[in-house]
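Here's the structure we're looking at; comments come further down.
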Amino acid sequence: MTTAAHEAPIRTPLLSRRWRLFLGHSLAYLVMSALAFVFMVPLFWMLSTSLKSRWEVFAWPPQWIPVPAHWENFRLIFERVPLWRYAGNTVILVIGNLIGQLFAVPLVAYAFARLRFPGRNTLFFLMIATMMIPYQVTMIPLFTIFQRLGLVNTYVPLILPAFFGGPFFIFLMHQYIKTLPRDLDDAARIDGAGTWAILYQIILPLCRPPMTIVVVYTFWFTWNDFLHPLIYLNDISKFTIQLGLAMFRGRFDVEWNLLMAATLLAVLPLLIVYFFAQRHLIGGIASVGLKG
Amino acid sequence: MQPKKATRREFLRMSGLAVAGMAMATCAQPAPAPIQAPAAPAATSVPPTAAPAVKKPVTIQWWTVPSEEFSEEAQRKLVDAFHAAQNDVRVEISVLPENGFSEKMTTTLGAGEGAPDVSFFWTDAWLPQALDLAPWIARDKFDTGQYIKGFFDTHSQYKGTTVTLPLGVGANFVMYNVKVFDEAKVPYPDMSPDATEWLQMIVKLNDPAKKRWGGDRPRGPYRAIWLNFGARMYSDDGKTVEGYLNGPGSVAAYEWLWDLVQTNATPTPADIELLGTQGTGPVDLFMAGRLATATLNQGHMLNAMKAGLPFGIVREPGPTGKPRHVNSWSLAVGIWKGTKEPEAAWTFLKFWAGPEGQKFLMENGNLFPSIRSVLNQYPKADLPHVKAFFQILEDNPVRAITVRGWSNSGILNAVKDLWDNINLGKIKREEIKPALDKAVPAAQKALDEARAKVGL
């Protein structure tokens, strides 16, 4: 075999390494650009629709760049629905939910990951099992509880559950904490740190990736939540952005142009959050996934 | 590092205390709303004898939705008008998104708590939760005869009693786009179009190059077109399927659908799924000129009028010489039977669905009232399409034949495959009758079960 290998002619590549790299990168960029274009089409359609008159939306052939552009749609949406107010209401809910999740999730996850107590595994299993229960099953009992507490038509039912921690987030953080060496805890304990200090001064600073996921997903879930605010809020002045968007759907038809204009504005905060958090988010998911 | 002496046990204890504290704080919210008994029929069990003197203003909750027929603004003005008319009842209005109203109502009615005092009851499944209005109607001698008969009889009754009042009227009809007809040089259809001629007409209007269809397809069997063909699901006594579901009328209607599909002048179910956007009819395609004709309703008509689109209105097609039918409806409005304030709720319901409220919504919105004397005052009654709409309202209502106090869904399920196969072009025309014959046993079983469920 060694002889045969020696006898084989030395093949010189058709292209130099530099060219191969150039072509490889070009191809990768081409594919990624094509994919990016495909993913951008709905966003562009949304923008295009938001600038059309009401009945141009389904015209054939489709007008990707409407002439004339109906910029007044962006004014009309605020005349039709108090979107600023609804956005403000939603921000209150987002902040409340973020505080709740960031308070509860590390506590519970740390307890499950590090502390030993009777029934820990059973409780953890039960908590995981709650993720399997469809919301429709708990919707009416939860409504009954909050109604009897006199909390319907307040933001409390929309914020309070976050203070008990989302099971998905707890699971995520639990898996992440388990990957951190216990030696860190032990070293801190030898230095005299108590459980709280270990959690808040040693573990949490290392949990940036999963915490980013908690923040972004909580923001995302809360911002996009339609059903919970719908069920718990009666007063129109307390409505959220998603309920506001639903107001553009009538009984008999949908004002697509206005709905798309409003939706475009409604997704902007999500895009901004994602833009700033994407590095941590992708890194977080990858690290949790790899180490978990 | 600061020394912290908390042990794990202490940590767990403090975590537990924190959670308990939050729970207690939650429970300690001030002034909780009074607990209502789940769906307590208290209001129904005490038939009112006389209108009691109201001591102080009572506040009730009214849930509604905005619509082409009654905007949010018009309904808020209605509340103002109601407040101006009397001092005993205050109404707190919640204008909810139409998309989601059903979920909210279903949740609160299912919970037996938190439902509004007065609202729409447009889903049959909610009717058991509606207050029996018969004693109130009798006490106040409320004139139910003022409502257009077909609409009161078929939309307000549940288990032999009146549980709702009919607000407004609506109906399906065919709208045709005048510009498309002119462009294709096709004469406008007759007021009562013949089913066979209809097929020829939509073929002429079809233009694949412009992605334009001549017409749409029916959205289900045993509606107006089926009944126009003389089709029935079962016998008049509601006991027998054989000879009706597979009778000549049914076969003819399904064969007409088969012919319609084969014209290739209608959007496929997939097209409609993608472009139809609303279950109430492909209004977007019609308004964009991509459907020359479409089965729509009075809400769509109002939108077309607002957009200034030239259009006309005719009945849904049927065989010439046979009586015509119409899918018509009214919005059922009622009182939740768990209400704590039935008297106040009745006061408002009477106003909302009575002549004053419907007239107000007609004049300040676009409601077509279900009360004949008010409908006769409709301000735009001279417009040709409004006239046509009023004419169609007089046809035989489909509900009068198909609504029998039990669910027909099992029977329709028995013929669902046939419907799908025709729409997908997967069945030959001559296979329709055998397919209906084959569906009869399952349909008969479904009918028997549906009747048994309501004690028949």
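Chain labels run A, B, ... following the order of the structure tokens; each chain numbers its residues from 1, and ligands are numbered from 1 in the order shown.
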Given only C-alpha atoms, how would the per-residue table for stretch 137-222 of chain B near stretch 384-402 of chain B read, listing every residue at most 7 Å away with its closest atom pair and distance in Å to one decimal, sorted by chain and number, as a Markdown table?
```
| residue | atom | partner | partner_atom | distance |
| --- | --- | --- | --- | --- |
| B:Gly150 | CA | B:Pro397 | CA | 6.8 |
| B:Thr154 | CA | B:Ala400 | CA | 6.1 |
| B:Ala171 | CA | B:Leu393 | CA | 6.9 |
```
- Task: Please give the complete set of residues from stretch 15-190 of chain A that DSSP, run on the backbone, assigns to helix (DSSP H, G or I), formatted as a ChimeraX atom specification.
- Result: /A:17-50,54-56,73-80,83-114,120-132,135-148,156-164,167-179,182-190
- Item | Filtered DSSP result for stretch 58-261 of chain B, state strand (DSSP E or B), as JSON, numbers by chain | {"B": [58, 59, 60, 61, 62, 63, 64, 89, 90, 91, 92, 93, 94, 95, 118, 119, 120, 130, 147, 157, 158, 161, 162, 164, 165, 166, 167, 168, 169, 170, 171, 172, 173, 174, 175, 176, 177, 194, 207, 212, 213]}
Keeping only N, CA and C atoms, take the residues you just selected and write them out as a short mmCIF file (atom, residue, chain, number, x, y, z; two decimals), in the first residue's frame.
```cif
data_model
loop_
_atom_site.label_atom_id
_atom_site.label_comp_id
_atom_site.auth_asym_id
_atom_site.auth_seq_id
_atom_site.Cartn_x
_atom_site.Cartn_y
_atom_site.Cartn_z
N VAL B 58 -78.55 50.49 38.57
CA VAL B 58 -77.89 49.19 38.59
C VAL B 58 -76.97 49.13 37.38
N THR B 59 -75.76 48.62 37.59
CA THR B 59 -74.81 48.56 36.47
C THR B 59 -74.74 47.13 35.94
N ILE B 60 -74.84 47.02 34.64
CA ILE B 60 -74.73 45.70 34.00
C ILE B 60 -73.60 45.73 32.96
N GLN B 61 -73.11 44.54 32.66
CA GLN B 61 -72.04 44.39 31.66
C GLN B 61 -72.64 43.99 30.33
N TRP B 62 -72.18 44.67 29.28
CA TRP B 62 -72.62 44.32 27.92
C TRP B 62 -71.38 44.06 27.08
N TRP B 63 -71.27 42.84 26.57
CA TRP B 63 -70.17 42.51 25.67
C TRP B 63 -70.69 42.52 24.25
N THR B 64 -69.94 43.18 23.38
CA THR B 64 -70.35 43.22 21.98
C THR B 64 -69.11 43.24 21.09
N VAL B 89 -80.79 51.98 34.99
CA VAL B 89 -79.78 51.00 34.58
C VAL B 89 -78.62 51.71 33.89
N ARG B 90 -77.42 51.36 34.33
CA ARG B 90 -76.19 51.84 33.68
C ARG B 90 -75.57 50.65 32.95
N VAL B 91 -75.07 50.90 31.76
CA VAL B 91 -74.48 49.81 30.97
C VAL B 91 -72.99 50.07 30.81
N GLU B 92 -72.20 49.06 31.19
CA GLU B 92 -70.75 49.12 30.93
C GLU B 92 -70.49 48.30 29.69
N ILE B 93 -70.07 48.96 28.63
CA ILE B 93 -69.89 48.28 27.35
C ILE B 93 -68.45 47.81 27.20
N SER B 94 -68.27 46.59 26.71
CA SER B 94 -66.95 46.09 26.32
C SER B 94 -67.03 45.72 24.85
N VAL B 95 -66.34 46.49 24.01
CA VAL B 95 -66.32 46.17 22.58
C VAL B 95 -65.10 45.29 22.34
N VAL B 118 -75.51 40.87 29.43
CA VAL B 118 -76.19 40.89 28.13
C VAL B 118 -75.13 40.73 27.04
N SER B 119 -75.43 39.91 26.05
CA SER B 119 -74.46 39.72 24.98
C SER B 119 -75.10 39.00 23.80
N PHE B 120 -74.26 38.77 22.79
CA PHE B 120 -74.68 37.90 21.69
C PHE B 120 -74.65 36.45 22.17
N ALA B 130 -78.41 30.74 28.37
CA ALA B 130 -79.18 31.99 28.20
C ALA B 130 -80.43 31.94 29.07
N TYR B 147 -91.29 41.22 15.16
CA TYR B 147 -90.14 40.72 14.41
C TYR B 147 -90.59 40.01 13.14
N GLN B 157 -85.47 30.57 19.51
CA GLN B 157 -86.06 29.50 20.30
C GLN B 157 -85.05 28.44 20.70
N TYR B 158 -85.20 27.94 21.92
CA TYR B 158 -84.39 26.82 22.37
C TYR B 158 -85.24 25.97 23.30
N THR B 161 -88.76 27.32 24.10
CA THR B 161 -88.99 28.61 24.74
C THR B 161 -88.10 29.68 24.10
N THR B 162 -88.39 30.93 24.43
CA THR B 162 -87.63 32.02 23.83
C THR B 162 -86.47 32.39 24.74
N THR B 164 -83.60 34.16 23.28
CA THR B 164 -82.90 35.33 22.74
C THR B 164 -83.88 36.16 21.91
N LEU B 165 -83.44 37.34 21.54
CA LEU B 165 -84.21 38.17 20.61
C LEU B 165 -83.37 38.35 19.35
N PRO B 166 -84.01 38.46 18.19
CA PRO B 166 -83.23 38.59 16.95
C PRO B 166 -82.84 40.04 16.67
N LEU B 167 -81.54 40.28 16.57
CA LEU B 167 -81.06 41.63 16.26
C LEU B 167 -80.61 41.66 14.80
N GLY B 168 -81.26 42.47 14.01
CA GLY B 168 -80.87 42.63 12.61
C GLY B 168 -81.16 41.40 11.78
N VAL B 169 -81.03 41.59 10.48
CA VAL B 169 -81.20 40.46 9.56
C VAL B 169 -80.02 40.41 8.60
N GLY B 170 -79.72 39.21 8.19
CA GLY B 170 -78.65 39.01 7.21
C GLY B 170 -79.01 37.87 6.30
N ALA B 171 -78.39 37.83 5.14
CA ALA B 171 -78.68 36.74 4.20
C ALA B 171 -77.54 36.60 3.21
N ASN B 172 -77.44 35.40 2.67
CA ASN B 172 -76.51 35.16 1.56
C ASN B 172 -77.21 35.45 0.24
N PHE B 173 -76.48 35.99 -0.69
CA PHE B 173 -76.97 36.19 -2.05
C PHE B 173 -75.75 36.24 -2.94
N VAL B 174 -75.99 36.28 -4.24
CA VAL B 174 -74.86 36.35 -5.17
C VAL B 174 -74.63 37.81 -5.55
N MET B 175 -73.41 38.26 -5.38
CA MET B 175 -73.05 39.60 -5.85
C MET B 175 -72.28 39.44 -7.16
N TYR B 176 -72.61 40.27 -8.14
CA TYR B 176 -71.84 40.21 -9.39
C TYR B 176 -71.16 41.54 -9.66
N ASN B 177 -69.97 41.44 -10.21
CA ASN B 177 -69.14 42.63 -10.46
C ASN B 177 -69.48 43.18 -11.84
N ASP B 194 -81.16 30.75 -13.40
CA ASP B 194 -81.32 29.32 -13.61
C ASP B 194 -79.97 28.63 -13.39
N ASP B 207 -61.45 33.87 -16.81
CA ASP B 207 -60.30 34.32 -17.59
C ASP B 207 -59.01 33.93 -16.86
N ARG B 212 -58.78 35.18 -13.10
CA ARG B 212 -60.14 35.55 -12.71
C ARG B 212 -61.07 34.35 -12.91
N TRP B 213 -61.86 34.09 -11.88
CA TRP B 213 -62.83 33.01 -11.96
C TRP B 213 -64.22 33.58 -12.21
#
```
- Item | Selection near B:Ala111, 12 Å with only C-alpha atoms, sequence-local residues under 3 positions removed, as a ChimeraX atom specification | /A:137-148,231 /B:36-40,104-108,114-115,129,338
- Message: Tell me as a ChimeraX atom specification which residues belonging to chain A come within 7 Å of chain B, counting only C-alpha atoms.
- Response: /A:55-56,58-60,115,140,144,147-150,192-195,197,230-231,234-236,243,246-247,249-253
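The residue set within 9 Å of B:Tyr188, counting only C-alpha atoms and dropping same-chain residues fewer than 4 places from it, reads Tyr176, Val178, Phe181, Asp182 and Gly312 of chain B.
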Export C-alpha atoms of the chosen residues as a CSV table (one decimal), in the first residue's frame?
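In the end it all went to result_35.csv:
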```csv
chain,number,residue,atom,x,y,z
B,176,TYR,CA,-71.8,40.2,-9.4
B,178,VAL,CA,-70.6,44.9,-13.1
B,181,PHE,CA,-69.5,41.6,-16.8
B,182,ASP,CA,-69.2,44.6,-19.0
B,312,GLY,CA,-75.6,43.8,-8.5
```
- Item | Separation of atom CA of B:Ala224 from atom CA of B:Ser328 in Å | 9.3 Å
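Neighbouring residues of stretch 372-381 of chain B at 8 Å or closer, counting only C-alpha atoms and skipping chain neighbours under 4 positions away, are Gln146, Tyr147, Ile148, Pro355, Gln358, Lys359, Met362, Glu363, Phe368, Val386 and Lys387 of chain B.
Taking atom CA of B:Gly249 as the reference point, atom CA of B:Leu227 is found at 7.9 Å.
Relative to atom CA of B:Pro319, atom CA of B:Ala195 is found at 5.4 Å.
By only C-alpha atoms, and with residues fewer than 6 positions from A:His174 along its chain excluded, the set lying at most 8 Å from it is Ala109, Tyr110, Phe112 and Ala113 of chain A.
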Exercise: stretch 175-188 of chain A partners within 8 Å, only C-alpha atoms, chain neighbours under 3 positions left out, as an mmCIF file with N, CA and C atoms, in the first residue's frame:
```cif
data_model
loop_
_atom_site.group_PDB
_atom_site.id
_atom_site.type_symbol
_atom_site.label_atom_id
_atom_site.label_comp_id
_atom_site.auth_asym_id
_atom_site.auth_seq_id
_atom_site.Cartn_x
_atom_site.Cartn_y
_atom_site.Cartn_z
ATOM 1 N N ALA A 109 -34.816 26.579 39.493
ATOM 2 C CA ALA A 109 -33.875 25.757 38.727
ATOM 3 C C ALA A 109 -32.665 25.401 39.587
ATOM 4 N N TYR A 110 -32.192 26.368 40.352
ATOM 5 C CA TYR A 110 -31.029 26.112 41.203
ATOM 6 C C TYR A 110 -31.369 25.062 42.262
ATOM 7 N N ALA A 113 -31.413 21.745 40.664
ATOM 8 C CA ALA A 113 -30.128 21.306 40.120
ATOM 9 C C ALA A 113 -29.100 21.029 41.207
ATOM 10 N N ARG A 114 -29.155 21.781 42.290
ATOM 11 C CA ARG A 114 -28.055 21.703 43.260
ATOM 12 C C ARG A 114 -28.449 21.193 44.643
ATOM 13 N N PHE A 171 -36.653 24.214 33.321
ATOM 14 C CA PHE A 171 -35.984 23.026 32.786
ATOM 15 C C PHE A 171 -34.685 23.432 32.076
ATOM 16 N N LEU A 172 -34.786 24.476 31.264
ATOM 17 C CA LEU A 172 -33.638 24.946 30.492
ATOM 18 C C LEU A 172 -32.502 25.344 31.432
ATOM 19 N N ASP A 191 -15.055 29.201 51.081
ATOM 20 C CA ASP A 191 -14.761 30.621 51.360
ATOM 21 C C ASP A 191 -15.798 31.254 52.275
ATOM 22 N N GLY A 192 -16.814 30.493 52.650
ATOM 23 C CA GLY A 192 -17.803 31.003 53.599
ATOM 24 C C GLY A 192 -19.106 31.461 52.967
ATOM 25 N N ALA A 193 -19.292 31.222 51.691
ATOM 26 C CA ALA A 193 -20.532 31.672 51.039
ATOM 27 C C ALA A 193 -21.695 30.763 51.417
ATOM 28 N N ILE A 198 -23.977 31.762 46.802
ATOM 29 C CA ILE A 198 -23.522 30.886 45.704
ATOM 30 C C ILE A 198 -24.406 31.086 44.481
ATOM 31 N N ILE A 202 -22.148 33.360 42.256
ATOM 32 C CA ILE A 202 -21.328 32.395 41.508
ATOM 33 C C ILE A 202 -22.090 31.837 40.303
ATOM 34 N N ILE A 203 -23.267 31.307 40.574
ATOM 35 C CA ILE A 203 -23.989 30.579 39.515
ATOM 36 C C ILE A 203 -24.623 31.535 38.502
ATOM 37 N N CYS A 207 -24.729 32.154 34.146
ATOM 38 C CA CYS A 207 -25.949 31.692 33.442
ATOM 39 C C CYS A 207 -26.453 32.709 32.418
ATOM 40 N N PRO A 210 -28.585 31.059 29.260
ATOM 41 C CA PRO A 210 -29.996 30.702 29.482
ATOM 42 C C PRO A 210 -30.849 31.875 29.949
ATOM 43 N N VAL A 288 -26.807 25.381 25.818
ATOM 44 C CA VAL A 288 -27.726 24.569 26.631
ATOM 45 C C VAL A 288 -27.948 23.236 25.942
ATOM 46 N N LYS A 291 -24.588 21.085 26.104
ATOM 47 C CA LYS A 291 -24.101 20.638 27.405
ATOM 48 C C LYS A 291 -25.166 19.915 28.213
ATOM 49 N N GLY A 292 -26.417 20.115 27.813
ATOM 50 C CA GLY A 292 -27.498 19.615 28.643
ATOM 51 C C GLY A 292 -27.621 18.124 28.679
#
```
